[in-house]
Amino acid sequence: KSQATMICCVLFFLATECSHHRPKNHIKDRAKLQNFEGKPGTGRIQEKCHEPCLSSTNCSQPCAKHFRGEIGFICHQKKWQKLTETCTSLSVETLFKDSNAALRLSVAAPSIPLPILDFRAPEPVKSVAQRICKNCPHDYACIIDVVKSSETTSGNIAFIVELLKNISTDLCGGVTREKMKSYSEVANHILDTAAISNWPFIPDKNASSNLLQSVNSFASQLHIHNESEDIVDELFIQMKGFHINHNTTKRSFNFSMSVDNTTESILGMIEIPRQELQKLPPGDTFRAISIAFPTLGAILKEPHLPNESVSRPINGLVLSVILPETMKEILFTFEKVNKSRSTRAQCVGWHSQKRMWDKNQCKKMVDTMDKVKCHCNYTNVMMSFSILMSPKSVSDKALDYITGIGLSLSILSLVLCLIIEATVWSRVVMTEISYMHHVCIVNIAVSLLIANVWFIIGSNFTIKSQEDNWCVTVTFFSHFFYLSLFFWMLFKALLIIYGILVIFRRMMKSHMMVIGFAIGYGCPLVIAVTTVAITEPQKGYVRCDACWLNWDNTKALFAFVIPALVIVAVNLLVVLVVAINTQRPSIGSSKSQDMAIIMRISKNVAILTPLLGLTWGFGIVILIEETSLIFHIIFAVLNAFQGFFILLFGTIMDHKIRDALRMRMSSLKGKSRAAENASLSPTNGSKLMNR
């Protein structure tokens with residue numbers, strides 16, 4: 001009897017809309033269901049599983065009474081973690097009911113027995129387009145209030161994505177500005193920063209890419225009436241458009257949007273080059289439309305990424321563009337969200353069929369600490385673009401410490417090497433071969449010392465980009481002196497061949513010096529000048545983020561890597577030839593003396609060449625994307641300590657130099673003792689007394 005009375009009261013309440021009949025507990029329930037903004041609260045979704053948590057087991061819990069669907073959990077480290085959620089309060093029926101009645105029903109629902117409430121299977125979303133065409137064919141306004149008042153649960157987000165997808169594919173009439181604004185208001189609701197945390201729990205991992213494709217598809221059918229207009233100006237989606245033709249000058253879209261409610265706005269710009277506009281047929285007018293999303297990058301997932309564990313975060317706005325099919329190239333400028341000095345960027349385009357970011361369709365032109373400029377190819381499947389935090393970006397303080405300490409030690413080692421060579425020079429340059437050997441050591445040390453100095457200078461220009469002529473100068477001299485280091489190593493190998501084959505035995509020392517300097521400095525100069533002459537006119541000589549040879553665009557770095565690694569291979573081959581030839585007995589004292597020198601040079605080359613080659617071998621490895629941090633650390637250690645290696649293996653481990661140092665030290669000690677004895681002699685004493 002009491003149940004029948006309750007049902008009658010509820011029906012009477014709904015029919016008469018008399019608020020004084022509302023029980024007090026209903027008021028409390030409504031307060032719980034809404035937050036201070038008037039939107040449904042977030043406390044209505046069950047977030048805990050009550051079953052025992054066993055490793056890798058799953059659990060599902062039903063949603064609250066006023067939601068359909070369920071929540072899936074997985075047991076991880078003895079704790080239940082939410083995996084999926086399909087809780088939704090939206091349906092095709094609720095979209096077109098009177099919103100006030102629907103709200104009152106949801107408030108009364110906890111007190112109404114389930115048999116009275118009609119929870120039949122909801123009408124499929126596919127039928128929504130026909131219902132919209134019937135109820136609000138001009139602007140879609142009939143669904144906006146219901147959608148915007150709904151809670152952004154994972155289930156509701158998935159429903160709205162499917163809703164937008166079906167509207168874009170089943171249109172009634174053309175897309176007007178009013179329809180576009182209403183459509184964008186619905187999309188803006190699920191792009192809100194408050195909704196981002198619920199996107200990962202949507203079972204359909206293609207939901208975010210479906211949203212992007214639906215918005216792009218709907219916007220591509222928009223008619224623009226004015227010359228230029230701002231079409232949509234929501235917090236999380238903006239849209240602009242204008243007319244273009246064959247005679248239009250360079251046009252651009254400019255956006256300024258906030259990624260969340262706390263950060264400053266970031267900028268994005270799209271430029272249509274003049275040469276692309278000239279591809280349009282004369283006499284006809286076309287439309288260009290652009291859409292900006294500040295939060296879409298945080299939810300856009302790549303379900304088919306080969307390595308799903310690799311994070312590829314977006315570091316700027318996502319910019320979509322809709323252009324005539326004849327236009328293929330477009331320029332983008334993205335302001336970085338993360339402006340860390342160590343953060344590098346990668347220009348990418350979203351491939352709508354592969355559902356992943358594609359780096360092959362974009363080329364990075366400028367990369368500074370604040371912004372990135374990209375040159376991208378536009379196609380029907382490549383309409384949205386952004387910048388990723390490059391997987392090649394390694395920010396670890398250990399690298400900075402290793403580089404700083406290593407370079408300091410390297411410079412001190414090279415200076416000490418030159419001092420030692422100057423000290424023992426007269427005692428170790430007895431023959432032409434030994435003379436040229438030490439000339440090589442000195443020039444190797446000088447080349448690396450100057451290269452390190454230029455490297456330190458260049459490190460202060462890492463944020464100035466390739467537009468700075470200073471950066472080009474620094475890169476040129478760094479390239480030249482690093483190459484000189486290797487070409488003097490090559491000349492050392494040629495000295496070994498000279499000593500073994502004795503083809504130029506009677507060559508004068510001056511002639512050998514000319515050949516040495518031609519190889520050691522002439523060849524690097526030719527390569528360095530040729531590289532800058534070919535690549536600099538197209539702004540492809542230096543990297544976008546550092547003063548060093550470009551890799552991403554022109555592969556100018558090959559102008560250093562290929563000569564260096566070829567010299568490494570040649571030197572190792574020469575060492576192998578020496579190892580074979582030294583098995584043969586030598587005749588004659590002079591020949592034996594030369595062979596002893598050659599053996600010392602060969603040991604020096606055999607040790608230094610692999611070290612130098614291995615160093616820049618790791619330099620190639622770290623250019624590969626997703627390289628482990630350990631490879632960067634190994635390269636930093638080897639590169640920074642090259643000067644120490646040259647001092648150790650090129651100077652200190654040479655027994656002739658050690659012997660010469662001992663003799664020099666003994667000579668100095670002998671002179672100091674003689675001076676001391678002379679000062680204490682009777683003759684000097686009498687002279688002092690006479691004074």
# chains A, B, ... in the order shown; residues from 1 in each chain; ligands from 1
$ select_by_dssp --residues "stretch 144-385 of chain A" --states "alpha helix (DSSP H)" --output "short mmCIF file (atom, residue, chain, number, x, y, z; two decimals) with N, CA and C atoms, in the first residue's frame"
data_model
loop_
_atom_site.label_atom_id
_atom_site.label_comp_id
_atom_site.auth_asym_id
_atom_site.auth_seq_id
_atom_site.Cartn_x
_atom_site.Cartn_y
_atom_site.Cartn_z
N ILE A 144 21.89 20.96 -27.31
CA ILE A 144 23.04 21.57 -26.63
C ILE A 144 22.88 21.58 -25.12
N ASP A 145 21.72 22.01 -24.62
CA ASP A 145 21.54 22.13 -23.17
C ASP A 145 21.66 20.78 -22.48
N VAL A 146 21.08 19.74 -23.08
CA VAL A 146 21.15 18.42 -22.46
C VAL A 146 22.60 17.93 -22.43
N VAL A 147 23.34 18.12 -23.52
CA VAL A 147 24.73 17.67 -23.57
C VAL A 147 25.59 18.45 -22.58
N LYS A 148 25.45 19.76 -22.56
CA LYS A 148 26.31 20.58 -21.70
C LYS A 148 26.00 20.39 -20.22
N SER A 154 33.28 8.78 -18.81
CA SER A 154 33.83 8.12 -20.00
C SER A 154 32.71 7.66 -20.92
N GLY A 155 31.62 7.13 -20.33
CA GLY A 155 30.49 6.68 -21.15
C GLY A 155 29.82 7.81 -21.88
N ASN A 156 29.63 8.94 -21.21
CA ASN A 156 29.01 10.09 -21.86
C ASN A 156 29.91 10.67 -22.95
N ILE A 157 31.22 10.70 -22.70
CA ILE A 157 32.16 11.18 -23.73
C ILE A 157 32.06 10.31 -24.98
N ALA A 158 32.05 8.98 -24.78
CA ALA A 158 31.95 8.05 -25.92
C ALA A 158 30.63 8.26 -26.67
N PHE A 159 29.56 8.50 -25.93
CA PHE A 159 28.26 8.74 -26.57
C PHE A 159 28.31 10.01 -27.42
N ILE A 160 28.89 11.08 -26.88
CA ILE A 160 28.95 12.35 -27.61
C ILE A 160 29.84 12.23 -28.84
N VAL A 161 30.95 11.49 -28.73
CA VAL A 161 31.81 11.26 -29.90
C VAL A 161 31.03 10.56 -31.00
N GLU A 162 30.27 9.53 -30.63
CA GLU A 162 29.47 8.81 -31.61
C GLU A 162 28.38 9.71 -32.18
N LEU A 163 27.83 10.56 -31.32
CA LEU A 163 26.81 11.52 -31.76
C LEU A 163 27.37 12.46 -32.83
N LEU A 164 28.54 13.05 -32.56
CA LEU A 164 29.16 13.97 -33.52
C LEU A 164 29.54 13.25 -34.81
N LYS A 165 30.00 12.02 -34.68
CA LYS A 165 30.38 11.24 -35.87
C LYS A 165 29.18 11.02 -36.79
N ASN A 166 28.03 10.68 -36.20
CA ASN A 166 26.85 10.42 -37.01
C ASN A 166 26.25 11.69 -37.59
N ILE A 167 26.35 12.79 -36.85
CA ILE A 167 25.88 14.07 -37.41
C ILE A 167 26.70 14.45 -38.63
N SER A 168 28.03 14.23 -38.57
CA SER A 168 28.90 14.64 -39.67
C SER A 168 28.74 13.77 -40.91
N THR A 169 28.29 12.53 -40.70
CA THR A 169 28.16 11.62 -41.85
C THR A 169 26.73 11.54 -42.39
N ARG A 177 26.96 28.42 -40.64
CA ARG A 177 27.74 28.92 -39.50
C ARG A 177 27.04 28.58 -38.18
N GLU A 178 25.69 28.66 -38.15
CA GLU A 178 24.94 28.35 -36.93
C GLU A 178 25.12 26.88 -36.55
N LYS A 179 25.04 25.99 -37.53
CA LYS A 179 25.23 24.57 -37.25
C LYS A 179 26.65 24.29 -36.76
N MET A 180 27.62 24.98 -37.38
CA MET A 180 29.01 24.77 -37.00
C MET A 180 29.25 25.20 -35.56
N LYS A 181 28.64 26.31 -35.15
CA LYS A 181 28.81 26.80 -33.78
C LYS A 181 28.18 25.83 -32.78
N SER A 182 26.98 25.32 -33.09
CA SER A 182 26.34 24.36 -32.19
C SER A 182 27.14 23.06 -32.11
N TYR A 183 27.60 22.61 -33.25
CA TYR A 183 28.42 21.39 -33.32
C TYR A 183 29.67 21.56 -32.46
N SER A 184 30.30 22.71 -32.55
CA SER A 184 31.54 22.97 -31.80
C SER A 184 31.27 23.09 -30.31
N GLU A 185 30.10 23.62 -29.92
CA GLU A 185 29.75 23.69 -28.50
C GLU A 185 29.68 22.30 -27.90
N VAL A 186 29.12 21.36 -28.65
CA VAL A 186 29.04 19.98 -28.16
C VAL A 186 30.44 19.38 -28.05
N ALA A 187 31.27 19.59 -29.06
CA ALA A 187 32.65 19.08 -29.01
C ALA A 187 33.45 19.73 -27.89
N ASN A 188 33.22 21.03 -27.67
CA ASN A 188 33.95 21.76 -26.63
C ASN A 188 33.69 21.16 -25.25
N HIS A 189 32.47 20.63 -25.05
CA HIS A 189 32.10 20.06 -23.74
C HIS A 189 33.01 18.88 -23.37
N ILE A 190 33.35 18.04 -24.32
CA ILE A 190 34.18 16.87 -24.01
C ILE A 190 35.67 17.13 -24.22
N LEU A 191 36.00 18.34 -24.71
CA LEU A 191 37.41 18.74 -24.82
C LEU A 191 37.84 19.59 -23.62
N ALA A 207 38.36 6.56 -30.14
CA ALA A 207 37.38 7.62 -29.89
C ALA A 207 37.96 9.00 -30.15
N SER A 208 39.19 9.26 -29.70
CA SER A 208 39.77 10.59 -29.88
C SER A 208 40.04 10.89 -31.35
N SER A 209 40.53 9.90 -32.09
CA SER A 209 40.77 10.13 -33.52
C SER A 209 39.45 10.25 -34.28
N ASN A 210 38.41 9.54 -33.82
CA ASN A 210 37.08 9.69 -34.43
C ASN A 210 36.55 11.11 -34.24
N LEU A 211 36.81 11.67 -33.05
CA LEU A 211 36.38 13.04 -32.78
C LEU A 211 37.07 14.02 -33.73
N LEU A 212 38.37 13.90 -33.86
CA LEU A 212 39.12 14.80 -34.74
C LEU A 212 38.64 14.68 -36.18
N GLN A 213 38.47 13.44 -36.63
CA GLN A 213 38.05 13.23 -38.02
C GLN A 213 36.63 13.75 -38.24
N SER A 214 35.76 13.61 -37.24
CA SER A 214 34.37 14.09 -37.38
C SER A 214 34.33 15.60 -37.48
N VAL A 215 35.10 16.29 -36.62
CA VAL A 215 35.12 17.75 -36.66
C VAL A 215 35.68 18.24 -37.99
N ASN A 216 36.77 17.62 -38.44
CA ASN A 216 37.36 18.01 -39.73
C ASN A 216 36.38 17.77 -40.87
N SER A 217 35.70 16.63 -40.83
CA SER A 217 34.76 16.29 -41.90
C SER A 217 33.58 17.24 -41.92
N PHE A 218 33.05 17.58 -40.75
CA PHE A 218 31.92 18.50 -40.68
C PHE A 218 32.32 19.90 -41.14
N ALA A 219 33.51 20.34 -40.71
CA ALA A 219 33.98 21.67 -41.09
C ALA A 219 34.28 21.77 -42.57
N ARG A 274 52.64 31.86 -51.03
CA ARG A 274 52.17 32.47 -52.27
C ARG A 274 52.24 31.50 -53.43
N GLN A 275 53.28 30.67 -53.49
CA GLN A 275 53.41 29.74 -54.61
C GLN A 275 52.31 28.68 -54.61
N GLU A 276 51.75 28.38 -53.42
CA GLU A 276 50.64 27.43 -53.36
C GLU A 276 49.35 28.08 -53.83
N LEU A 277 49.16 29.35 -53.49
CA LEU A 277 47.96 30.07 -53.94
C LEU A 277 47.93 30.22 -55.45
N LEU A 296 43.29 18.78 -27.36
CA LEU A 296 43.13 17.52 -28.10
C LEU A 296 44.40 16.69 -28.08
N GLY A 297 45.55 17.34 -28.09
CA GLY A 297 46.81 16.60 -28.10
C GLY A 297 46.98 15.71 -26.89
N ALA A 298 46.36 16.09 -25.76
CA ALA A 298 46.50 15.30 -24.53
C ALA A 298 45.68 14.02 -24.57
N ILE A 299 44.66 13.96 -25.44
CA ILE A 299 43.78 12.80 -25.47
C ILE A 299 43.91 11.99 -26.76
#
$ residues_around --residues "A:Ser340" --least-positions-apart "4" --cutoff "10 Å" --atoms "only C-alpha atoms" --output "PyMOL selection string"
chain A and resi 336+344+369-370+395
$ write_last_selection --atoms "N, CA and C atoms" --output "JSON list (two decimals), in the first residue's frame"
[["chain", "number", "residue", "atom", "x", "y", "z"],
["A", 336, "LYS", "N", 55.76, 26.52, -28.10],
["A", 336, "LYS", "CA", 55.91, 25.34, -27.24],
["A", 336, "LYS", "C", 55.19, 25.54, -25.91],
["A", 344, "ARG", "N", 63.48, 19.27, -27.31],
["A", 344, "ARG", "CA", 63.51, 19.37, -28.76],
["A", 344, "ARG", "C", 62.14, 19.00, -29.31],
["A", 369, "MET", "N", 63.88, 27.95, -28.37],
["A", 369, "MET", "CA", 63.40, 27.56, -27.05],
["A", 369, "MET", "C", 61.90, 27.80, -26.92],
["A", 370, "ASP", "N", 61.35, 28.77, -27.67],
["A", 370, "ASP", "CA", 59.94, 29.16, -27.53],
["A", 370, "ASP", "C", 59.04, 28.59, -28.61],
["A", 395, "SER", "N", 67.10, 14.93, -21.58],
["A", 395, "SER", "CA", 67.37, 15.95, -20.58],
["A", 395, "SER", "C", 67.79, 15.25, -19.30]]
$ closest_residue --among "A:Lys656, A:Lys363, A:His76, A:Lys354" --to "A:His438" --atoms "only C-alpha atoms"
A:Lys656
$ closest_residue --among "A:Thr651, A:Ser320, A:Thr535, A:Thr249" --to "A:Ile237" --atoms "only C-alpha atoms"
A:Ser320
$ residues_around --residues "stretch 489-494 of chain A" --least-positions-apart "6" --cutoff "7 Å" --atoms "only C-alpha atoms" --output "PyMOL selection string"
chain A and resi 437+440+516+519+567+571+574
$ write_last_selection --atoms "C-alpha atoms" --output "mmCIF file, in the first residue's frame"
data_model
loop_
_atom_site.group_PDB
_atom_site.id
_atom_site.type_symbol
_atom_site.label_atom_id
_atom_site.label_comp_id
_atom_site.auth_asym_id
_atom_site.auth_seq_id
_atom_site.Cartn_x
_atom_site.Cartn_y
_atom_site.Cartn_z
ATOM 1 C CA HIS A 437 105.159 11.652 -35.810
ATOM 2 C CA CYS A 440 101.157 14.916 -35.981
ATOM 3 C CA GLY A 516 101.202 16.786 -43.846
ATOM 4 C CA ILE A 519 96.243 16.577 -45.711
ATOM 5 C CA ILE A 567 89.704 7.324 -41.867
ATOM 6 C CA ASN A 571 93.906 3.384 -40.141
ATOM 7 C CA VAL A 574 97.159 0.049 -41.937
#
$ residues_around --residues "A:Val381" --least-positions-apart "6" --cutoff "10 Å" --atoms "only C-alpha atoms" --output "list in words"
Gln213, Gly349, Trp350, His351, Ser352, Gln353, Lys354 and Arg355 of chain A
$ closest_residue --among "A:Val92, A:Leu647, A:Ala398, A:Ala556" --to "A:Phe476" --atoms "only C-alpha atoms"
A:Ala556
$ closest_residue --among "A:Pro273, A:Pro52, A:Gly522, A:Gly316" --to "A:Pro294" --atoms "only C-alpha atoms"
A:Gly316
